[in-house]
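Here is the structure we will look at, set down as structure tokens.
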Amino acid sequence: MPRRDSTVLLASVFVVASCSLVYELLAGAVSSYLMGSSITQFSLVIGIFLSAMGVGSFLSKFFKQDLLRSFVVIEAAVGVLGGFSALLLFAAFTFTSTYTTVMVAVAAAIGTLIGLEIPIIIRILRERKESLRITVANVMSADYIGALVASLAFPFLLVPHLGLMRAAFLTGLLNVGVGWLGLAYFRSEIGRPGRVRAGLAVASLLLLGGAIGSEHLVTFLESQVYPDEIVYARQTRYQRLVITRWRNDTRLFIDGNLQFSSRDEHRYHECLVHPAMGMARKTENVLILGGGDGMAARECLKYPRLQRIDLVDIDPEMTRIFSEIPLLTELNAGALKDPRVHVHNLDAMKYVGSCERSYDVVIMDLPDPSVLELGKLYSRSFFILAARRLAPGGILAVQSSSPYFASKAYWCVVNTLADVPVPARGEDARLKVLPYHANVPSFGVWGFALASAGKLDASRARVKVPTRYLNAEILPRLFAFPGDMQPLATEINRLNTQVLVQYYREGYGQFYE
């Protein structure tokens, strides 16, 4: 077999293997973004892809003649279907109620086509008299190395710099590019090359047009989901950020979930910050976990004795836009530019596990525990790490979802906090926990919890700085729970079980599904 033939075909295997894994990761990422539950979605996508690839491998035996032409046509088909896969999934979520059915169909179709590729390549190489031993070794090596490249490129290059939809279209162009390479190099061996060339040209134009217009397509689809004008939207390495505005109401959505409305965010942030700041022994050093919008920091900066805030938010794009875009810096009063605020774009668990600084107040302003990646930040293990950062007399404040809509999830957070040991106070000592709640119109009834090594007395709560919502009359009422929000027995949320995520889904599921 000519060495150049082998090199071209093995290079093709490398590229198609990379593209194949990207399509798989894309389907899982889009499904996780739209439907939540990343473990469920990725497990479903991987299972469908692998089984469909098996079907494709089985069907490859029925391709008996003109294998090079078949390979080029398959690459065009994979490129078009894979390139448009993200668009199809977004459209299915936006316009239909059968997202999962569409996702299964798209993944199965792409997987079947991918399953045809490697067996046909091996047969092409065998027809050129290359030994089976060398053929299988070379093809599988190129396949696995291509998968490695894709697994690194997807999270570090494609998603943060291109976004999901444009990444899909450009990956599709790579598949079609393999088809063009095969047509150019093996043209004399491919039957009816004119038709193949026309098909590749149409596929290339469709995918190129999709890549150029991907941002407009995403904006259009998101405009059908969000009722207000979208003023900012970006897929970061960690999440999808969307900011909408209608009249004087600015809203932030992360992965489709509302994080705040500017009309009433002051209620949420005042209730999160001031009970802890008012009861803590000192208010000089504060740690905020999450809170990349800077609004919890805004409330902390009202305290004249405050010297330092360490704000830990994993997404640098989140903290960038809330420190640079005028519409957003107006909401947080420029808090992230204050010299007392030190921003750390790190994972919260890594930060609290490695830092040695002690804090008078630790505030957890993290998204709800709707998925396992977030549920770990409400686990007993994480609370143990966070509690170790408390200075003597320090207080931990945790936003804890709704005690009305997700009552078991809320009380699971409270019960998990109450199970955190305090070694300095004895073998059986545990954190003291004080639950409370407030009415935030955008969210409904919302829950919080204070935790400390020492006793917490609600009667000691004070509002010591200017506020828009909290005052001396309202503050004591936050700690009284009505009959339909009384404490519940729950399991402790541990890293290896993550029962909190299940409680959360069940709670909101009974109201909205």
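Simple scheme: letters A, B, ... for chains in structure tokens order, numbers from 1 for residues in each chain, numbers from 1 for ligands in the order shown.
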
(message) So that I can check the surroundings of Leu157 (chain A), please list as a list in words every protein, DNA and RNA residue that reaches within 9 Å of it, counting only C-alpha atoms and ignoring chain neighbours fewer than 5 positions away.
(response)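 With the cut-off at 9 Å, the set is Leu152, Leu162 and Arg237 of chain A.
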
(request) Quick one: everything within 7 Å of region 114-120 of chain A, counting only C-alpha atoms, minus sequence neighbours fewer than 5 positions away in the same chain. Send it as a VMD selection string. (result) chain A and resid 20 53 to 57 60 67 71

I'd like the neighbourhood of region 93-104 of chain A as a tab-separated table (two decimals) with C-alpha atoms, in the first residue's frame, where a residue qualifies if any of its atoms comes within 7 Å (using only C-alpha atoms), though same-chain residues fewer than 6 positions away should be ignored.
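And here's around.tsv as it stands now:
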```
chain	number	residue	atom	x	y	z
A	48	ILE	CA	-27.54	6.19	22.98
A	221	LEU	CA	-34.16	30.99	20.07
A	224	GLN	CA	-38.57	32.87	22.35
A	225	VAL	CA	-37.77	31.54	25.84
```

(request) Between A:Gly179, A:Asp338, A:Asp255, A:Ile190, single out the one closest to Pro367 (chain A), counting only C-alpha atoms. (result)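 Using only C-alpha atoms, the shortest distance to Pro367 (chain A) belongs to A:Asp255.
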
(message) Using only C-alpha atoms, which protein or nucleic acid residues come within 9 Å of Arg320 (chain A)? Drop anything in the same chain fewer than 4 positions from it, and give the result as a list in words.
(response)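 What passes the distance filter is Gly292, Asp315, Pro316, Glu324, Ile325 and Leu336 of chain A.
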
Which residues, written as a compact mmCIF listing (two decimals) with C-alpha atoms, in the first residue's frame, have at least one atom at most 9 Å from Ile395 (chain A), with only C-alpha atoms counted and residues fewer than 4 positions away on the same chain left out?
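To be explicit, this is the file written out as result.txt:
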```txt
# COMPACT_ATOMS: atom_id res chain seq x y z
CA ALA A 276 -25.28 37.47 60.02
CA MET A 277 -23.45 40.80 59.98
CA MET A 279 -25.11 39.12 65.05
CA ALA A 280 -21.42 38.43 64.41
CA ARG A 281 -18.90 39.44 67.06
CA TYR A 359 -13.38 35.25 58.63
CA ASP A 360 -15.86 36.95 60.91
CA VAL A 361 -18.69 36.19 58.50
CA VAL A 362 -18.90 33.61 55.69
CA ILE A 363 -21.76 34.14 53.23
CA ALA A 387 -17.00 26.29 59.25
CA LEU A 390 -14.91 31.03 60.88
CA ALA A 391 -13.11 33.17 63.43
CA LEU A 450 -27.31 30.98 60.04
CA ALA A 451 -24.75 28.66 61.65
CA SER A 452 -22.15 29.24 64.33
CA ALA A 453 -20.07 27.34 66.86
CA GLY A 454 -21.72 29.37 69.61
```

(message) List the spatial neighbours of Leu301 (chain A) as a PyMOL selection string - criterion: any atom at most 9 Å away, only C-alpha atoms, same-chain residues fewer than 5 positions off excluded.
(response) chain A and resi 296+306-307+309+335+338+340-341

(request) Considering only C-alpha atoms, return as a ChimeraX atom specification whatever protein or nucleic-acid residues lie within 10 Å of region 32-40 of chain A, sequence-local ones (same chain, fewer than 6 positions apart) excluded. (result) /A:26,89-90,93-94,99-100,239-240,254-257,370-373,501-502,505

Contact table region 175-215 of chain A vs region 124-127 of chain A, cut-off 12 Å, shortest pair per residue, only C-alpha atoms, as a tab-separated table:
```
residue	atom	partner	partner_atom	distance
A:Gly182	CA	A:Ile124	CA	11.9
A:Phe186	CA	A:Ile124	CA	11.5
A:Glu189	CA	A:Ile124	CA	11.5
```
